[in-house]
file run_24.txt (compact mmCIF, C-alpha atoms)
# COMPACT_ATOMS: atom_id res chain seq x y z
CA ASN A 1 49.75 11.52 -99.20
CA VAL A 2 50.97 11.94 -95.59
CA ASP A 3 47.46 12.05 -94.16
CA ALA A 4 46.41 8.79 -95.85
CA SER A 5 49.60 6.96 -94.94
CA VAL A 6 49.47 7.96 -91.27
CA LYS A 7 45.77 7.15 -91.02
CA SER A 8 46.23 3.72 -92.62
CA LEU A 9 48.90 2.87 -90.05
CA SER A 10 46.76 3.85 -87.10
CA ASP A 11 43.27 2.65 -88.12
CA ASP A 12 43.68 -0.79 -86.50
CA LEU A 13 45.25 0.46 -83.27
CA SER A 14 43.22 0.15 -80.07
CA VAL A 15 43.90 1.34 -76.53
CA THR A 16 44.96 -2.19 -75.57
CA ASP A 17 47.35 -2.34 -78.53
CA ILE A 18 48.96 0.93 -77.46
CA ILE A 19 49.55 -0.30 -73.91
CA LEU A 20 50.78 -3.76 -74.94
CA ASN A 21 53.03 -2.19 -77.59
CA VAL A 22 55.31 -0.94 -74.81
CA PHE A 23 55.92 -4.54 -73.66
CA TYR A 24 56.12 -5.91 -77.21
CA ASN A 25 58.90 -3.43 -77.97
CA CYS A 26 60.93 -4.84 -75.05
CA ILE A 27 61.39 -8.19 -76.83
CA PRO A 28 62.28 -7.72 -80.52
CA ASP A 29 61.87 -10.76 -82.77
CA ASN A 30 64.77 -9.58 -84.91
CA LEU A 31 67.61 -7.59 -83.35
CA ILE A 32 68.94 -6.20 -86.65
CA ASN A 33 65.44 -5.12 -87.64
CA ALA A 34 64.92 -3.54 -84.21
CA MET A 35 68.13 -1.51 -84.53
CA SER A 36 67.29 -0.40 -88.07
CA LYS A 37 63.83 0.77 -86.95
CA LEU A 38 65.21 2.51 -83.83
CA MET A 39 63.32 0.25 -81.40
CA ILE A 40 65.67 1.42 -78.67
CA LEU A 41 63.74 -0.11 -75.77
CA GLY A 42 64.06 -3.59 -77.30
CA CYS A 43 67.76 -3.05 -77.98
CA ILE A 44 68.33 -1.94 -74.39
CA VAL A 45 66.60 -5.04 -72.99
CA PHE A 46 68.57 -7.35 -75.32
CA PHE A 47 71.99 -5.88 -74.62
CA LEU A 48 71.27 -5.52 -70.91
CA THR A 49 70.46 -9.24 -70.80
CA LEU A 50 73.58 -9.98 -72.84
CA GLY A 51 75.66 -7.93 -70.42
CA VAL A 52 74.30 -9.82 -67.42
CA LEU A 53 75.10 -13.15 -69.08
CA LEU A 54 78.59 -11.99 -70.05
CA ALA A 55 79.27 -11.00 -66.46
CA SER A 56 78.25 -14.43 -65.20
CA LYS A 57 80.65 -17.31 -64.58
CA ILE A 58 79.46 -19.32 -67.58
CA VAL A 59 81.55 -17.12 -69.91
CA PRO A 60 85.36 -17.36 -69.54
CA LYS A 61 87.15 -14.06 -68.95
CA LYS A 62 89.16 -14.38 -72.18
CA GLU A 63 86.04 -14.80 -74.33
CA ARG A 64 84.29 -12.00 -72.46
CA SER A 65 87.16 -9.61 -73.20
CA VAL A 66 86.99 -10.37 -76.92
CA VAL A 67 83.28 -9.54 -77.04
CA LEU A 68 83.69 -6.33 -75.03
CA LEU A 69 86.63 -5.06 -77.09
CA GLY A 70 84.80 -5.84 -80.34
CA THR A 71 81.64 -3.99 -79.27
CA LYS A 72 83.70 -1.00 -78.14
CA ALA A 73 85.34 -0.81 -81.57
CA VAL A 74 81.94 -0.98 -83.28
CA LEU A 75 80.64 1.75 -80.95
CA ARG A 76 83.54 4.06 -81.84
CA CYS A 77 82.88 3.57 -85.55
CA CYS A 78 79.15 4.23 -85.15
CA MET A 79 79.72 7.36 -83.09
CA LYS A 80 82.12 8.73 -85.70
CA ALA A 81 79.68 7.96 -88.52
CA LEU A 82 76.86 9.68 -86.62
CA THR A 83 79.06 12.73 -86.16
CA TRP A 84 79.47 13.00 -89.93
CA VAL A 85 75.71 12.65 -90.45
CA ILE A 86 74.93 15.26 -87.79
CA TRP A 87 77.15 17.82 -89.55
CA PHE A 88 74.85 17.64 -92.58
CA SER A 89 71.57 17.58 -90.59
CA PRO A 90 70.99 21.39 -90.61
CA PHE A 91 70.90 21.34 -94.41
CA ALA A 92 68.47 18.43 -94.36
CA MET A 93 66.17 20.14 -91.83
CA PHE A 94 66.20 23.37 -93.84
CA SER A 95 65.21 21.47 -96.98
CA PHE A 96 62.43 19.62 -95.17
CA ILE A 97 61.00 22.79 -93.61
CA SER A 98 61.16 24.69 -96.90
CA THR A 99 59.31 21.88 -98.69
CA SER A 100 56.59 21.78 -96.02
CA ILE A 101 56.04 25.53 -96.19
CA ALA A 102 56.07 25.67 -99.99
CA SER A 103 53.48 22.87 -100.30
CA THR A 104 51.03 24.37 -97.78
CA PRO A 105 47.92 26.01 -99.34
CA ASN A 106 46.57 29.24 -97.78
CA LEU A 107 49.68 29.62 -95.68
CA LEU A 108 48.72 32.93 -94.04
CA HIS A 109 45.32 31.61 -92.95
CA LEU A 110 46.92 28.45 -91.59
CA ILE A 111 49.50 30.43 -89.61
CA GLU A 112 46.71 32.51 -88.07
CA ALA A 113 44.70 29.39 -87.12
CA LEU A 114 47.70 27.58 -85.59
CA GLY A 115 49.31 30.61 -83.95
CA MET A 116 47.68 30.10 -80.55
CA TYR A 117 48.39 26.38 -80.74
CA ILE A 118 52.11 26.95 -81.26
CA LEU A 119 52.15 29.57 -78.49
CA THR A 120 50.41 27.18 -76.07
CA VAL A 121 52.85 24.36 -76.84
CA MET A 122 55.84 26.68 -76.45
CA ILE A 123 54.58 27.92 -73.07
CA GLY A 124 53.98 24.35 -71.90
CA HIS A 125 57.41 23.14 -73.04
CA SER A 126 59.10 26.20 -71.52
CA ILE A 127 57.48 25.61 -68.13
CA HIS A 128 58.39 21.94 -68.28
CA LEU A 129 61.98 22.53 -69.33
CA TYR A 130 62.88 25.73 -67.45
CA VAL A 131 60.74 25.36 -64.31
CA PHE A 132 59.82 21.72 -63.65
CA TYR A 133 63.15 20.06 -64.53
CA PRO A 134 65.41 22.53 -62.64
CA THR A 135 63.08 22.48 -59.63
CA LEU A 136 63.03 18.67 -59.55
CA PHE A 137 66.82 18.60 -59.96
CA THR A 138 67.25 21.06 -57.08
CA LEU A 139 64.96 19.10 -54.78
CA ALA A 140 66.70 15.81 -55.60
CA THR A 141 70.33 16.93 -55.47
CA LYS A 142 70.31 20.20 -53.45
CA LEU A 143 72.19 21.80 -56.36
CA ASN A 144 71.16 24.71 -58.59
CA GLY A 145 69.04 23.18 -61.35
CA TRP A 146 69.18 26.26 -63.57
CA LYS A 147 72.98 26.30 -63.52
CA TRP A 148 73.00 22.62 -64.43
CA LEU A 149 70.56 23.25 -67.29
CA TYR A 150 72.91 25.95 -68.58
CA LYS A 151 75.83 23.51 -68.50
CA ILE A 152 73.96 21.05 -70.76
CA ARG A 153 72.32 23.74 -72.93
CA GLN A 154 73.96 22.36 -76.08
CA VAL A 155 71.86 19.19 -75.79
CA THR A 156 68.53 21.04 -75.63
CA MET A 157 69.47 23.32 -78.53
CA PHE A 158 70.69 20.41 -80.59
CA GLY A 159 67.55 18.40 -79.85
CA PHE A 160 65.34 21.28 -80.98
CA LEU A 161 67.20 21.59 -84.29
CA ILE A 162 67.37 17.85 -84.99
CA ASN A 163 63.82 17.04 -83.80
CA SER A 164 64.80 13.48 -82.86
CA SER A 165 65.78 11.97 -79.52
CA ALA A 166 67.68 9.17 -81.25
CA ALA A 167 69.78 11.58 -83.31
CA THR A 168 70.46 13.70 -80.21
CA LEU A 169 71.68 10.72 -78.18
CA PRO A 170 75.35 10.82 -79.36
CA ARG A 171 75.57 14.51 -78.45
CA SER A 172 73.93 13.80 -75.08
CA LEU A 173 76.57 11.15 -74.34
CA GLN A 174 79.37 13.57 -75.25
CA ILE A 175 77.99 16.34 -73.01
CA ALA A 176 77.40 13.91 -70.14
CA ASP A 177 81.05 12.89 -70.30
CA LYS A 178 82.15 16.51 -70.61
CA VAL A 179 80.28 17.66 -67.48
CA GLY A 180 81.70 14.80 -65.43
CA LEU A 181 78.83 12.34 -64.99
CA ARG A 182 79.71 8.77 -64.13
CA LYS A 183 80.11 6.75 -67.32
CA GLU A 184 78.35 3.64 -66.05
CA VAL A 185 75.33 5.79 -65.15
CA TYR A 186 74.83 7.94 -68.23
CA GLN A 187 75.57 5.13 -70.70
CA PHE A 188 72.53 3.30 -69.31
CA ILE A 189 70.20 6.17 -68.36
CA LEU A 190 70.49 8.27 -71.55
CA PRO A 191 69.59 5.50 -74.06
CA LEU A 192 66.76 4.37 -71.77
CA GLY A 193 65.45 7.93 -71.46
CA CYS A 194 65.75 8.35 -75.21
CA ALA A 195 63.37 5.41 -75.63
CA ILE A 196 60.71 6.01 -72.98
CA ASN A 197 61.06 9.56 -71.60
CA MET A 198 58.95 11.34 -74.25
CA ASP A 199 57.71 14.19 -72.07
CA GLY A 200 57.34 16.56 -75.00
CA THR A 201 55.12 14.10 -76.86
CA ALA A 202 52.98 13.48 -73.77
CA LEU A 203 52.57 17.23 -73.34
CA GLY A 204 51.78 17.90 -76.99
CA PHE A 205 49.11 15.24 -77.55
CA PRO A 206 46.41 16.76 -75.26
CA ILE A 207 47.01 20.21 -76.74
CA MET A 208 46.52 18.79 -80.24
CA VAL A 209 43.21 17.22 -79.21
CA ALA A 210 42.09 20.46 -77.54
CA LEU A 211 42.94 22.45 -80.67
CA ILE A 212 40.89 20.23 -82.98
CA ALA A 213 37.97 20.23 -80.52
CA GLN A 214 37.97 24.04 -80.33
CA LEU A 215 38.23 24.44 -84.10
CA HIS A 216 35.02 22.40 -84.46
CA GLY A 217 33.25 23.93 -81.46
CA ILE A 218 33.19 20.73 -79.41
CA SER A 219 33.38 20.82 -75.61
CA LEU A 220 35.26 18.02 -73.84
CA ASP A 221 34.09 16.87 -70.40
CA VAL A 222 36.42 16.16 -67.47
CA GLY A 223 36.29 12.38 -67.97
CA THR A 224 37.28 12.64 -71.62
CA ILE A 225 40.12 15.00 -70.79
CA PHE A 226 41.42 12.56 -68.16
CA VAL A 227 41.32 9.66 -70.63
CA VAL A 228 43.20 11.75 -73.22
CA LEU A 229 45.84 12.71 -70.66
CA LEU A 230 46.31 9.09 -69.55
CA LEU A 231 46.54 7.77 -73.11
CA SER A 232 48.99 10.53 -74.03
CA VAL A 233 51.41 9.42 -71.32
CA VAL A 234 51.11 5.73 -72.22
CA MET A 235 51.48 6.32 -75.96
CA SER A 236 54.46 8.62 -75.49
CA VAL A 237 56.35 5.73 -73.86
CA GLY A 238 55.78 3.53 -76.92
CA THR A 239 56.60 6.22 -79.47
CA ALA A 240 59.76 5.82 -81.54
CA PRO A 241 62.38 8.54 -80.88
CA VAL A 242 62.24 9.92 -84.44
CA SER A 243 60.51 12.85 -86.08
CA HIS A 244 56.71 12.58 -86.65
CA ALA A 245 56.52 9.15 -84.97
CA GLY A 246 53.76 10.30 -82.62
CA MET A 247 51.44 11.19 -85.50
CA VAL A 248 50.61 7.48 -85.93
CA TYR A 249 48.86 7.39 -82.54
CA LEU A 250 46.75 10.51 -83.00
CA SER A 251 43.77 8.64 -84.44
CA VAL A 252 43.46 6.68 -81.17
CA LEU A 253 43.40 9.92 -79.18
CA PHE A 254 40.82 11.51 -81.46
CA GLU A 255 38.61 8.42 -81.19
CA ALA A 256 38.91 8.48 -77.38
CA ALA A 257 37.93 12.16 -77.37
CA GLY A 258 34.96 11.60 -79.71
CA LEU A 259 36.65 13.40 -82.59
CA GLY A 260 37.18 10.40 -84.84
CA GLU A 261 35.33 11.96 -87.78
CA PHE A 262 37.90 14.79 -87.90
CA THR A 263 41.01 12.56 -87.78
CA GLY A 264 42.05 12.98 -91.42
CA GLU A 265 41.70 16.75 -91.43
CA ALA A 266 43.35 17.06 -88.01
CA ILE A 267 46.45 15.04 -88.93
CA ALA A 268 46.88 16.97 -92.18
CA THR A 269 46.66 20.27 -90.27
CA LEU A 270 48.96 19.29 -87.40
CA PHE A 271 51.58 17.72 -89.65
CA VAL A 272 52.43 21.16 -91.04
CA VAL A 273 53.77 22.38 -87.68
CA ASP A 274 54.74 19.04 -86.10
CA TRP A 275 58.40 19.54 -87.07
CA PHE A 276 58.45 22.70 -84.93
CA VAL A 277 56.51 21.74 -81.81
call {"tool": "encode", "arguments": {"input": "run_24.txt", "output": "structure tokens"}}
result
Amino acid sequence: NVDASVKSLSDDLSVTDIILNVFYNCIPDNLINAMSKLMILGCIVFFLTLGVLLASKIVPKKERSVVLLGTKAVLRCCMKALTWVIWFSPFAMFSFISTSIASTPNLLHLIEALGMYILTVMIGHSIHLYVFYPTLFTLATKLNGWKWLYKIRQVTMFGFLINSSAATLPRSLQIADKVGLRKEVYQFILPLGCAINMDGTALGFPIMVALIAQLHGISLDVGTIFVVLLLSVVMSVGTAPVSHAGMVYLSVLFEAAGLGEFTGEAIATLFVVDWFV
């Protein structure tokens, strides 16, 4: 039961736990475990520290070269393996979506109830992606942000189909190299952004809370809305870059908004369309 499993994971989470989780993820107690669970922020901190130590004088140049060449060979193998996996991902996503739709009771009624929710999320994401990002890019670089967005369009389309920042990262690295970005910049910025730049999650959380509140006829005051917005941003930073990861934190948001009694029903309802939004 997806609802029960997600709720059991998030019952013991508090606001303090959510905030501290961002810092806990920076220092993994087991590197192999962190990589297997896609704790990218912890991996970045570890390898960044390792890189600083390798560049210091305590490591001879000969030994440093061996480590660097070995890691480059491992990186090439991993990138090739990910390419093979990505080729089969459309079939996997189609199977997952078909299963979700087939197992949903009263599908037509559910589509009607969630129609405005999906439309609201799509409008919000569209404004964020096609207005905010290009405008910010133009102000920062004096270049045409919409032309730049068109140049990297394959990344956004791929990310929408895959529904995972971590799985999109190899394609992002390829496109960054293709459009001529500096290698030392994008190889650091893209993995870091993959771990903490969850703008879509931060945007979607408040809309989810608003939807559940409206379905039950509950009005949220300005203070509650502000708390939900703030928690959404903080929790999005600590969310793993994989599909449905943000669902674990929803119970905290519902409790903060005074909707704790509807958590189980809300998660079950939102999970149906979470793959899309």
call {"tool": "atom_distance", "arguments": {"input": "run_24.txt", "atom1": "CA of Leu270 (chain A)", "atom2": "CA of Ile111 (chain A)"}}
result
11.4 Å
call {"tool": "closest_residue", "arguments": {"input": "run_24.txt", "among": "A:Ala256, A:Met208, A:Ala202, A:Ala166", "to": "Met35 (chain A)", "atoms": "only C-alpha atoms"}}
result
A:Ala166
call {"tool": "residues_near_point", "arguments": {"input": "run_24.txt", "point": "(43.3, 23.6, -81.1)", "cutoff": "10 Å", "atoms": "all atoms listed in the file", "output": "PDB file with C-alpha atoms, keeping the file's coordinate frame"}}
result
ATOM      1  CA  ALA A 113      44.700  29.390 -87.120  1.00  0.00           C
ATOM      2  CA  LEU A 114      47.700  27.580 -85.590  1.00  0.00           C
ATOM      3  CA  GLY A 115      49.310  30.610 -83.950  1.00  0.00           C
ATOM      4  CA  MET A 116      47.680  30.100 -80.550  1.00  0.00           C
ATOM      5  CA  TYR A 117      48.390  26.380 -80.740  1.00  0.00           C
ATOM      6  CA  ILE A 118      52.110  26.950 -81.260  1.00  0.00           C
ATOM      7  CA  THR A 120      50.410  27.180 -76.070  1.00  0.00           C
ATOM      8  CA  PRO A 206      46.410  16.760 -75.260  1.00  0.00           C
ATOM      9  CA  ILE A 207      47.010  20.210 -76.740  1.00  0.00           C
ATOM     10  CA  MET A 208      46.520  18.790 -80.240  1.00  0.00           C
ATOM     11  CA  VAL A 209      43.210  17.220 -79.210  1.00  0.00           C
ATOM     12  CA  ALA A 210      42.090  20.460 -77.540  1.00  0.00           C
ATOM     13  CA  LEU A 211      42.940  22.450 -80.670  1.00  0.00           C
ATOM     14  CA  ILE A 212      40.890  20.230 -82.980  1.00  0.00           C
ATOM     15  CA  ALA A 213      37.970  20.230 -80.520  1.00  0.00           C
ATOM     16  CA  GLN A 214      37.970  24.040 -80.330  1.00  0.00           C
ATOM     17  CA  LEU A 215      38.230  24.440 -84.100  1.00  0.00           C
ATOM     18  CA  HIS A 216      35.020  22.400 -84.460  1.00  0.00           C
ATOM     19  CA  ALA A 266      43.350  17.060 -88.010  1.00  0.00           C
ATOM     20  CA  LEU A 270      48.960  19.290 -87.400  1.00  0.00           C
TER      21      LEU A 270
END
call {"tool": "atom_distance", "arguments": {"input": "run_24.txt", "atom1": "CA of Thr141 (chain A)", "atom2": "CA of Phe160 (chain A)"}}
result
26.4 Å
call {"tool": "closest_atom_pairs", "arguments": {"input": "run_24.txt", "of": "region 129-233 of chain A", "to": "region 69-90 of chain A", "cutoff": "9 Å", "atoms": "all atoms listed in the file", "output": "JSON lines"}}
result
{"residue": "A:Leu161", "atom": "CA", "partner": "A:Pro90", "partner_atom": "CA", "distance": 7.4}
{"residue": "A:Ile162", "atom": "CA", "partner": "A:Ser89", "partner_atom": "CA", "distance": 7.0}
{"residue": "A:Ala167", "atom": "CA", "partner": "A:Ile86", "partner_atom": "CA", "distance": 7.8}
{"residue": "A:Thr168", "atom": "CA", "partner": "A:Ile86", "partner_atom": "CA", "distance": 8.9}
{"residue": "A:Pro170", "atom": "CA", "partner": "A:Met79", "partner_atom": "CA", "distance": 6.7}
{"residue": "A:Arg171", "atom": "CA", "partner": "A:Thr83", "partner_atom": "CA", "distance": 8.6}
call {"tool": "closest_residue", "arguments": {"input": "run_24.txt", "among": "A:Val131, A:Asp177, A:Pro191, A:Ile225", "to": "Trp146 (chain A)", "atoms": "only C-alpha atoms"}}
result
A:Val131
call {"tool": "closest_residue", "arguments": {"input": "run_24.txt", "among": "A:Phe91, A:Gly200, A:Ile267, A:Gly42", "to": "His128 (chain A)", "atoms": "only C-alpha atoms"}}
result
A:Gly200
call {"tool": "atom_distance", "arguments": {"input": "run_24.txt", "atom1": "CA of Ser165 (chain A)", "atom2": "CA of Ser236 (chain A)"}}
result
12.5 Å
call {"tool": "residues_around", "arguments": {"input": "run_24.txt", "residues": "Thr138 (chain A)", "least_positions_apart": "6", "cutoff": "12 Å", "atoms": "only C-alpha atoms", "output": "PDB file with C-alpha atoms, keeping the file's coordinate frame"}}
result
ATOM      1  CA  VAL A 131      60.740  25.360 -64.310  1.00  0.00           C
ATOM      2  CA  PHE A 132      59.820  21.720 -63.650  1.00  0.00           C
ATOM      3  CA  ASN A 144      71.160  24.710 -58.590  1.00  0.00           C
ATOM      4  CA  GLY A 145      69.040  23.180 -61.350  1.00  0.00           C
ATOM      5  CA  TRP A 146      69.180  26.260 -63.570  1.00  0.00           C
ATOM      6  CA  LYS A 147      72.980  26.300 -63.520  1.00  0.00           C
ATOM      7  CA  TRP A 148      73.000  22.620 -64.430  1.00  0.00           C
ATOM      8  CA  LEU A 149      70.560  23.250 -67.290  1.00  0.00           C
TER       9      LEU A 149
END
call {"tool": "residues_near_point", "arguments": {"input": "run_24.txt", "point": "(60.2, 5.4, -74.5)", "cutoff": "7 Å", "atoms": "all atoms listed in the file", "output": "NGL selection string"}}
result
:A and (41 or 193-198 or 236-239)
call {"tool": "residues_around", "arguments": {"input": "run_24.txt", "residues": "Leu230 (chain A)", "least_positions_apart": "2", "cutoff": "12 Å", "atoms": "all atoms listed in the file", "output": "ChimeraX atom specification"}}
result
/A:15,18-19,202-203,205-206,223-228,232-237,253,256-257
call {"tool": "closest_residue", "arguments": {"input": "run_24.txt", "among": "A:Met39, A:Val66, A:Ile44, A:Leu53", "to": "Leu190 (chain A)", "atoms": "only C-alpha atoms"}}
result
A:Ile44
